[in-house]
Structures are given as C-alpha cells and as structure tokens.
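Structure below is model.cif: mmCIF, C-alpha atoms.
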data_work
loop_
_atom_site.label_atom_id
_atom_site.label_comp_id
_atom_site.auth_asym_id
_atom_site.auth_seq_id
_atom_site.Cartn_x
_atom_site.Cartn_y
_atom_site.Cartn_z
CA MET A 5 -56.55 -86.37 -27.87
CA GLU A 6 -56.21 -89.28 -30.33
CA LYS A 7 -52.94 -90.31 -28.68
CA GLU A 8 -54.63 -90.31 -25.27
CA VAL A 9 -57.39 -92.57 -26.58
CA LEU A 10 -54.84 -94.98 -28.06
CA PHE A 11 -52.91 -94.99 -24.79
CA ALA A 12 -56.08 -95.84 -22.85
CA GLN A 13 -56.78 -98.66 -25.31
CA LYS A 14 -53.28 -100.05 -24.76
CA LEU A 15 -53.83 -100.03 -21.01
CA LYS A 16 -57.05 -101.96 -21.49
CA GLU A 17 -55.33 -104.40 -23.85
CA ILE A 18 -52.51 -105.13 -21.42
CA ARG A 19 -55.09 -105.81 -18.71
CA GLU A 20 -56.81 -108.31 -21.01
CA VAL A 21 -53.48 -110.01 -21.70
CA ALA A 22 -52.80 -110.19 -17.96
CA LYS A 23 -56.18 -111.83 -17.29
CA LYS A 24 -55.27 -114.69 -19.60
CA GLN A 25 -51.91 -115.13 -17.87
CA GLY A 26 -53.02 -115.22 -14.24
CA ASN A 27 -52.89 -111.43 -13.76
CA VAL A 28 -49.22 -111.19 -14.69
CA VAL A 29 -47.38 -109.82 -17.74
CA THR A 30 -43.74 -109.82 -18.68
CA GLN A 31 -41.58 -106.72 -18.85
CA ALA A 32 -41.16 -107.39 -22.57
CA GLN A 33 -44.94 -107.39 -23.07
CA VAL A 34 -45.26 -104.04 -21.31
CA GLU A 35 -42.43 -102.49 -23.32
CA GLU A 36 -43.82 -103.86 -26.57
CA ALA A 37 -47.34 -102.61 -25.83
CA PHE A 38 -46.16 -99.02 -25.30
CA ALA A 39 -43.17 -98.96 -27.66
CA SER A 40 -44.86 -96.58 -30.12
CA PHE A 41 -45.41 -93.98 -27.37
CA ALA A 42 -41.71 -93.54 -26.55
CA LEU A 43 -42.53 -93.16 -22.86
CA GLN A 44 -40.13 -91.49 -20.45
CA GLU A 45 -39.26 -93.28 -17.20
CA ASP A 46 -41.76 -91.25 -15.16
CA GLN A 47 -44.50 -92.11 -17.67
CA MET A 48 -43.56 -95.78 -17.59
CA GLU A 49 -43.76 -95.59 -13.80
CA MET A 50 -47.37 -94.42 -14.19
CA VAL A 51 -48.05 -97.50 -16.30
CA ARG A 52 -46.55 -99.71 -13.59
CA ASP A 53 -48.68 -97.95 -10.96
CA TYR A 54 -51.76 -98.53 -13.10
CA LEU A 55 -50.98 -102.23 -13.40
CA GLN A 56 -50.34 -102.47 -9.68
CA LYS A 57 -53.73 -100.86 -8.99
CA TYR A 58 -55.35 -103.74 -10.84
CA HIS A 59 -53.12 -106.29 -9.10
CA ILE A 60 -51.21 -107.09 -12.27
CA GLY A 61 -47.67 -108.21 -11.63
CA ILE A 62 -44.78 -107.63 -14.00
CA GLY A 63 -42.70 -110.76 -14.20
CA VAL A 64 -44.11 -112.23 -10.98
CA PRO A 65 -47.69 -112.42 -9.68
CA VAL A 66 -48.85 -109.86 -7.14
CA GLU A 67 -49.60 -111.07 -3.61
CA GLU A 68 -53.32 -110.26 -3.61
CA GLU A 69 -53.69 -110.63 0.16
CA GLU A 70 -51.50 -107.55 0.64
CA TYR A 71 -54.53 -105.50 -0.44
CA LEU A 72 -56.88 -106.98 2.15
CA THR A 73 -57.99 -105.04 5.20
CA ASP A 74 -57.89 -106.70 8.62
CA GLY A 75 -61.64 -107.19 8.43
CA GLU A 76 -61.37 -108.84 5.03
CA ARG A 77 -58.58 -111.12 6.26
CA ASN A 78 -60.77 -112.21 9.16
CA PHE A 79 -63.69 -112.81 6.81
CA LEU A 80 -61.48 -114.73 4.40
CA ASP A 81 -60.04 -116.96 7.13
CA SER A 82 -63.54 -117.73 8.38
CA TYR A 83 -64.94 -118.34 4.89
CA LEU A 84 -62.06 -120.59 3.84
CA GLU A 85 -62.47 -122.60 7.03
CA GLU A 86 -66.18 -122.93 6.24
CA ILE A 87 -65.62 -124.30 2.73
CA GLU A 88 -62.51 -126.32 3.61
CA SER A 89 -64.58 -129.41 4.26
CA LEU A 90 -66.11 -129.37 0.78
CA GLU A 91 -65.34 -132.38 -1.38
CA THR A 92 -62.65 -132.31 -4.01
CA VAL A 93 -62.77 -134.42 -7.16
CA GLY A 94 -60.27 -135.58 -9.74
CA ASP A 95 -60.20 -134.31 -13.30
CA GLY A 96 -62.10 -137.31 -14.65
CA GLU A 97 -64.94 -137.02 -12.16
CA LYS A 98 -65.12 -133.26 -12.64
CA GLU A 99 -65.48 -133.73 -16.39
CA ALA A 100 -68.30 -136.21 -15.78
CA ILE A 101 -70.05 -133.68 -13.55
CA ILE A 102 -69.66 -131.00 -16.21
CA LEU A 103 -71.08 -133.30 -18.87
CA SER A 104 -74.10 -134.01 -16.66
CA ALA A 105 -74.50 -130.29 -15.98
CA MET A 106 -74.35 -129.62 -19.73
CA ALA A 107 -77.12 -132.16 -20.17
CA GLY A 108 -79.31 -130.23 -17.75
CA ASP A 109 -78.90 -132.36 -14.63
CA ALA A 110 -79.83 -129.95 -11.81
CA ALA A 111 -78.00 -131.97 -9.14
CA ALA A 112 -74.82 -131.94 -11.20
CA GLN A 113 -75.17 -128.19 -11.78
CA ASP A 114 -75.49 -127.57 -8.04
CA ARG A 115 -72.54 -129.85 -7.31
CA LEU A 116 -70.40 -128.07 -9.91
CA ALA A 117 -71.25 -124.68 -8.46
CA THR A 118 -70.12 -125.96 -5.05
CA LEU A 119 -66.85 -127.23 -6.52
CA TYR A 120 -66.19 -123.73 -7.83
CA LEU A 121 -66.50 -121.98 -4.45
CA PRO A 122 -62.70 -122.00 -3.81
CA LYS A 123 -62.06 -120.79 -7.38
CA VAL A 124 -64.39 -117.84 -6.82
CA VAL A 125 -62.31 -116.86 -3.79
CA ASP A 126 -59.11 -116.95 -5.84
CA VAL A 127 -60.61 -114.72 -8.52
CA ALA A 128 -62.17 -112.32 -6.00
CA LYS A 129 -58.76 -111.74 -4.41
CA LEU A 130 -57.56 -110.38 -7.76
CA TYR A 131 -60.09 -107.55 -7.48
CA THR A 132 -59.49 -106.45 -3.89
CA GLY A 133 -58.39 -102.91 -3.11
CA GLN A 134 -60.78 -101.36 -5.65
CA GLY A 135 -63.32 -99.86 -3.30
CA VAL A 136 -65.52 -102.89 -2.65
CA PHE A 137 -65.54 -105.56 0.05
CA LEU A 138 -64.06 -108.99 -0.61
CA GLU A 139 -67.23 -110.55 0.79
CA ASP A 140 -69.33 -108.78 -1.84
CA LEU A 141 -66.96 -109.81 -4.64
CA ILE A 142 -67.23 -113.43 -3.56
CA GLY A 143 -70.99 -113.11 -3.43
CA GLU A 144 -71.13 -111.70 -6.95
CA GLY A 145 -68.83 -114.44 -8.21
CA ASN A 146 -70.91 -117.19 -6.60
CA VAL A 147 -74.10 -115.82 -8.15
CA ALA A 148 -72.41 -115.71 -11.56
CA VAL A 149 -71.29 -119.34 -11.24
CA ALA A 150 -74.74 -120.44 -10.05
CA MET A 151 -76.19 -118.88 -13.20
CA GLY A 152 -73.38 -120.12 -15.41
CA VAL A 153 -73.71 -123.81 -14.56
CA LYS A 154 -77.27 -123.67 -15.88
CA MET A 155 -76.02 -122.29 -19.20
CA LEU A 156 -73.39 -124.92 -19.95
CA GLY A 157 -75.70 -126.67 -22.39
CA ALA A 158 -74.68 -124.08 -24.97
CA LEU A 159 -71.11 -125.44 -24.98
CA GLU A 160 -69.83 -128.11 -27.33
CA HIS A 161 -67.09 -129.55 -25.11
CA PRO A 162 -66.69 -129.84 -21.31
CA CYS A 163 -63.22 -128.31 -21.53
CA GLU A 164 -64.90 -124.99 -22.39
CA ALA A 165 -66.71 -124.82 -19.02
CA GLU A 166 -63.68 -123.56 -17.08
CA GLY A 167 -63.22 -120.58 -19.39
CA MET A 168 -66.92 -119.76 -19.52
CA LEU A 169 -67.44 -119.84 -15.77
CA GLY A 170 -64.21 -117.97 -15.13
CA SER A 171 -65.22 -115.23 -17.57
CA MET A 172 -68.67 -114.95 -16.03
CA MET A 173 -67.40 -114.54 -12.48
CA MET A 174 -64.78 -111.99 -13.55
CA LYS A 175 -67.33 -110.01 -15.54
CA ALA A 176 -69.73 -110.02 -12.58
CA MET A 177 -67.04 -108.70 -10.24
CA GLU A 178 -65.89 -106.04 -12.70
CA GLU A 179 -69.45 -104.85 -13.25
CA TYR A 180 -70.00 -104.70 -9.50
CA ILE A 181 -66.85 -102.61 -9.06
CA ALA A 182 -67.91 -100.29 -11.89
CA LEU A 183 -71.41 -99.90 -10.44
CA ASN A 184 -69.99 -99.19 -7.01
CA ALA A 185 -67.66 -96.56 -8.48
CA GLU A 186 -70.56 -94.89 -10.28
CA GLU A 187 -72.62 -94.90 -7.10
CA GLY A 188 -69.66 -93.36 -5.29
CA LYS A 189 -69.47 -90.58 -7.87
CA LYS A 190 -73.20 -90.00 -7.53
CA ASP A 191 -72.91 -89.81 -3.74
CA GLN A 192 -70.02 -87.36 -4.09
CA ARG A 193 -72.04 -85.16 -6.45
CA ILE A 194 -74.88 -85.11 -3.95
CA ALA A 195 -72.50 -84.29 -1.10
CA ASP A 196 -70.91 -81.49 -3.14
CA LYS A 197 -74.30 -79.96 -3.91
CA VAL A 198 -75.43 -80.12 -0.28
CA ASN A 199 -72.12 -78.67 0.95
CA LYS A 200 -72.28 -75.82 -1.55
CA VAL A 201 -75.77 -74.86 -0.42
CA ALA A 202 -74.84 -75.30 3.24
CA ASP A 203 -71.82 -72.98 2.87
CA ALA A 204 -73.92 -70.30 1.17
CA ALA A 205 -76.65 -70.64 3.80
CA ARG A 206 -74.13 -70.31 6.63
CA LYS A 207 -72.71 -67.08 5.22
CA LEU A 208 -76.13 -65.53 4.68
CA SER A 209 -77.29 -66.72 8.09
CA GLU A 210 -74.33 -64.94 9.70
CA GLU A 211 -75.41 -61.73 7.95
CA TYR A 212 -79.06 -62.09 8.97
CA GLY A 213 -78.36 -63.42 12.47
CA ARG A 214 -80.88 -66.22 11.99
CA LYS A 215 -81.74 -69.18 9.78
CA VAL A 216 -82.62 -68.22 6.24
CA THR A 217 -85.26 -69.54 3.87
CA ALA A 218 -84.69 -71.13 0.49
CA GLU A 219 -86.28 -68.09 -1.16
CA GLU A 220 -83.94 -65.70 0.63
CA LEU A 221 -80.89 -67.76 -0.25
CA ALA A 222 -81.93 -67.94 -3.91
CA ALA A 223 -82.41 -64.18 -3.99
CA GLU A 224 -79.09 -63.38 -2.31
CA SER A 225 -76.85 -65.96 -4.00
CA SER A 226 -76.07 -67.42 -7.41
CA LEU A 227 -77.88 -70.63 -6.45
CA SER A 228 -81.21 -71.42 -8.07
CA PHE A 229 -84.24 -72.17 -5.95
CA LYS A 230 -84.37 -75.67 -7.46
CA THR A 231 -80.75 -76.35 -6.47
CA ILE A 232 -81.45 -75.22 -2.93
CA LYS A 233 -84.66 -77.23 -2.75
CA ASP A 234 -82.89 -80.36 -4.04
CA ALA A 235 -80.12 -79.92 -1.46
CA ILE A 236 -82.64 -79.57 1.37
CA ARG A 237 -84.38 -82.77 0.35
CA MET A 238 -81.16 -84.71 -0.28
CA SER A 239 -79.91 -83.77 3.18
CA GLY A 240 -83.20 -84.70 4.81
CA ALA A 241 -83.78 -81.03 5.70
CA LYS A 242 -80.67 -81.09 7.91
CA ILE A 243 -78.81 -78.06 6.54
CA GLU A 244 -78.27 -76.26 9.84
CA ASP A 245 -78.62 -72.65 8.73
CA LEU A 246 -81.49 -73.19 6.30
CA GLU A 247 -85.16 -73.50 7.03
CA GLY A 248 -86.54 -76.81 5.78
CA LEU A 249 -89.15 -76.94 3.07
CA PRO A 250 -92.76 -77.01 4.28
#
Taking this structure as input, can you express it in the form of structure tokens?
Amino acid sequence: MEKEVLFAQKLKEIREVAKKQGNVVTQAQVEEAFASFALQEDQMEMVRDYLQKYHIGIGVPVEEEEYLTDGERNFLDSYLEEIESLETVGDGEKEAIILSAMAGDAAAQDRLATLYLPKVVDVAKLYTGQGVFLEDLIGEGNVAVAMGVKMLGALEHPCEAEGMLGSMMMKAMEEYIALNAEEGKKDQRIADKVNKVADAARKLSEEYGRKVTAEELAAESSLSFKTIKDAIRMSGAKIEDLEGLP
C-alpha cells in the first residue's frame, strides 16, 4: 500500500512540474520521476495515459482543442470573436496598470481583469475533457481573476501578479472539476440506490401481480424500510412497481 501511495504522489508531482512548464514534461523528467519503481512498459503506458488525461504532453504540448466537443468549439469561436475587439497593451503599460491595481485603483483592477480574458481561455482549454463544460471553466476562471485583481495589494512587485492570477484561475478550475466529479459520484450513488429498489420492487410485483408497498418490499427483501423510503423520495415517487409514500 505504501508503494501505491508513493506512486500517486509521484503522479501528482509530475502534474505540478507540467503546470510550471506549460503543461508539458520531457521524457527524461517522466523516467526520472518513476525510476525507483522500475516500471514495465505496460505500466509506463498507464503513466502516459494518465498524463494525456490531464492534457500533459511529453516532449511537445498537447493540442487542447482536440478535446473539445462540437458545441464547445462553437462556443469558443463565438466567445473569442466577442473578446477579439478588446484592447491589447504593451508590457510597460500593463505593468503600470498592475501597479495601479496593487494600489487599490478600482478602474485599473477592472481593466486588468479584462486584459486577462484571453489568458483565462488559454488556461481553461488545458482542463477540457474532464467532465465539465469549457464555458463553465472560463466562467470560473474569470471569477477568480475578478477576485484576484482586488488582492494584488498583498504583492511586493508587479511581476508577481502573473503568477498569482494564473494560480488562482487554475485552482478555481481544478476545484470546480473536483466538485463536479463529487456531485457525479453522489448522483450515481442515488441512481444505484433507486435502481436497486426498483429491481426488487419489480420482482415482487411480478409475484403479487400488482404494485407493492414499501412495507411489503421491506418484509420480503433484504432492503430496509428506510432505504426503500429514501429511494421513493429520491425518485420523486416514480418507481413504477412501488406504491408512493402517503
């Protein structure tokens, strides 16, 4: 078990390294990270699949847009067209805006957040294909930046703003993905419970030749009355072969 924990830590570490390098790692970095595990080729292939899942390229960056659905591509084209007309500024002017934002200038903070809209899109594309919509990722990133520009006063130098805002938008997207995954698991657990009760109710209903009650199902199966009652409520009393609760 200890080896499995260490392996999981190495996977996390290589992801962190990739983040700092534009979501790409070298073959040498991968081999060095897992050298102590003496992985076979099929195991190393699993590592490569893992990295690909998180859009991490080995040697060359992954083409993030390959992971987009047709709907996401249409949204992205429309969104990019919408923000295409936004102003661009040179490095000197951007630093001046950051300094003003650090000083608490609300107008500068709003302007800086607007300048970061294209950057949010670039980061969001790194997280596509993980069970959430690109539009939602962009939304989460924009909210993070809008909050972040108001927190720049804590920095000592304007050059630190890029890293801070980048970290905040990435963290927001990762947390959104994790929350969505947890909600998905919760929904699956609910569906499994409802299906289990529905299957048992169908079998007993076939024996009785009619719909059965929760009490009857509890008495004739291994399911508890509470489990049956919860399933009825979670399904909105729509389990076909089971009488709804009064």
Expand the PyMOL selection byres ((chain A and resi 23-38) around 6) into the individual residues it matches in the shown file, reporting them as a CSV table (one decimal) with C-alpha atoms, keeping the file's coordinate frame.
chain,number,residue,atom,x,y,z
A,20,GLU,CA,-56.8,-108.3,-21.0
A,21,VAL,CA,-53.5,-110.0,-21.7
A,22,ALA,CA,-52.8,-110.2,-18.0
A,39,ALA,CA,-43.2,-99.0,-27.7
A,40,SER,CA,-44.9,-96.6,-30.1
A,41,PHE,CA,-45.4,-94.0,-27.4
A,60,ILE,CA,-51.2,-107.1,-12.3
A,61,GLY,CA,-47.7,-108.2,-11.6
A,62,ILE,CA,-44.8,-107.6,-14.0
A,63,GLY,CA,-42.7,-110.8,-14.2
A,65,PRO,CA,-47.7,-112.4,-9.7
Which residues, written as a PyMOL selection string, have at least one atom at most 7 Å from Ala128 (chain A), with all atoms listed in the file counted and residues fewer than 5 positions away on the same chain left out?
chain A and resi 138+141-142
Could you give me, as a list in words, the residues within 12 Å of Gly75 (chain A), counting only C-alpha atoms and dropping anything in the same chain fewer than 4 positions from it?
Glu69, Tyr71, Phe79, Leu80, Asp81, Ser82, Phe137, Leu138 and Glu139 of chain A
Taking into account all atoms listed in the file, which residue in the set A:Val136, A:Ile243, A:Ala111, A:Ala218 is nearest to Ala182 (chain A)?
A:Val136
Which residue out of A:Lys123, A:Arg214, A:His161, A:His59 has the minimum interatomic distance to Ala107 (chain A) when all atoms listed in the file are used?
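Smallest distance to Ala107 (chain A) is found for A:His161.
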Can you tell me how far CA of Asp95 (chain A) sits from CA of Val149 (chain A), in Å to one decimal?
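One can read the CA of Asp95 (chain A) to CA of Val149 (chain A) distance as 18.7 Å.
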Measure the distance from CA of Gly133 (chain A) to CA of Arg193 (chain A) in Å and round it to one decimal.
22.6 Å
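One finds CA of Thr231 (chain A) at 13.2 Å from CA of Leu246 (chain A).
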Could the centre and edge lengths of an axis-aligned box, enclosing all atoms of region 71-74 of chain A in the file with 3 Å extra on each side, be given in Å to one decimal as JSON?
{"center_x": -56.3, "center_y": -106.0, "center_z": 4.1, "size_x": 9.5, "size_y": 7.9, "size_z": 15.1}
Test item: the PyMOL selection byres ((chain A and resi 202-209) around 9) resolved as a PDB file with C-alpha atoms, in the frame of the given file:
ATOM      1  CA  LYS A 197     -74.300 -79.960  -3.910  1.00  0.00           C
ATOM      2  CA  VAL A 198     -75.430 -80.120  -0.280  1.00  0.00           C
ATOM      3  CA  ASN A 199     -72.120 -78.670   0.950  1.00  0.00           C
ATOM      4  CA  LYS A 200     -72.280 -75.820  -1.550  1.00  0.00           C
ATOM      5  CA  VAL A 201     -75.770 -74.860  -0.420  1.00  0.00           C
ATOM      6  CA  GLU A 210     -74.330 -64.940   9.700  1.00  0.00           C
ATOM      7  CA  GLU A 211     -75.410 -61.730   7.950  1.00  0.00           C
ATOM      8  CA  TYR A 212     -79.060 -62.090   8.970  1.00  0.00           C
ATOM      9  CA  GLY A 213     -78.360 -63.420  12.470  1.00  0.00           C
ATOM     10  CA  ARG A 214     -80.880 -66.220  11.990  1.00  0.00           C
ATOM     11  CA  LYS A 215     -81.740 -69.180   9.780  1.00  0.00           C
ATOM     12  CA  VAL A 216     -82.620 -68.220   6.240  1.00  0.00           C
ATOM     13  CA  THR A 217     -85.260 -69.540   3.870  1.00  0.00           C
ATOM     14  CA  ALA A 218     -84.690 -71.130   0.490  1.00  0.00           C
ATOM     15  CA  GLU A 220     -83.940 -65.700   0.630  1.00  0.00           C
ATOM     16  CA  LEU A 221     -80.890 -67.760  -0.250  1.00  0.00           C
ATOM     17  CA  GLU A 224     -79.090 -63.380  -2.310  1.00  0.00           C
ATOM     18  CA  SER A 225     -76.850 -65.960  -4.000  1.00  0.00           C
ATOM     19  CA  LEU A 227     -77.880 -70.630  -6.450  1.00  0.00           C
ATOM     20  CA  ALA A 235     -80.120 -79.920  -1.460  1.00  0.00           C
ATOM     21  CA  ILE A 243     -78.810 -78.060   6.540  1.00  0.00           C
ATOM     22  CA  GLU A 244     -78.270 -76.260   9.840  1.00  0.00           C
ATOM     23  CA  ASP A 245     -78.620 -72.650   8.730  1.00  0.00           C
ATOM     24  CA  LEU A 246     -81.490 -73.190   6.300  1.00  0.00           C
TER      25      LEU A 246
END
Given the choices A:Asp109, A:Thr73, A:Leu119, A:Leu43, which gets closest to Thr92 (chain A) if the distance is worked out from all atoms listed in the file?
A:Leu119
Gln134 (chain A): which residues within 9 Å, counting only C-alpha atoms, same-chain residues fewer than 4 positions away excluded, as a PyMOL selection string?
chain A and resi 57-58+181+185
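Across A:Glu179, A:Ala150, A:Glu45, A:Leu72, the tightest approach to Ala105 (chain A) is made by A:Ala150 when counting only C-alpha atoms.
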Here is a test: counting all atoms listed in the file, which residue of A:Glu144, A:Asp191, A:Glu164, A:Glu86 is nearest to Leu103 (chain A)?
A:Glu164
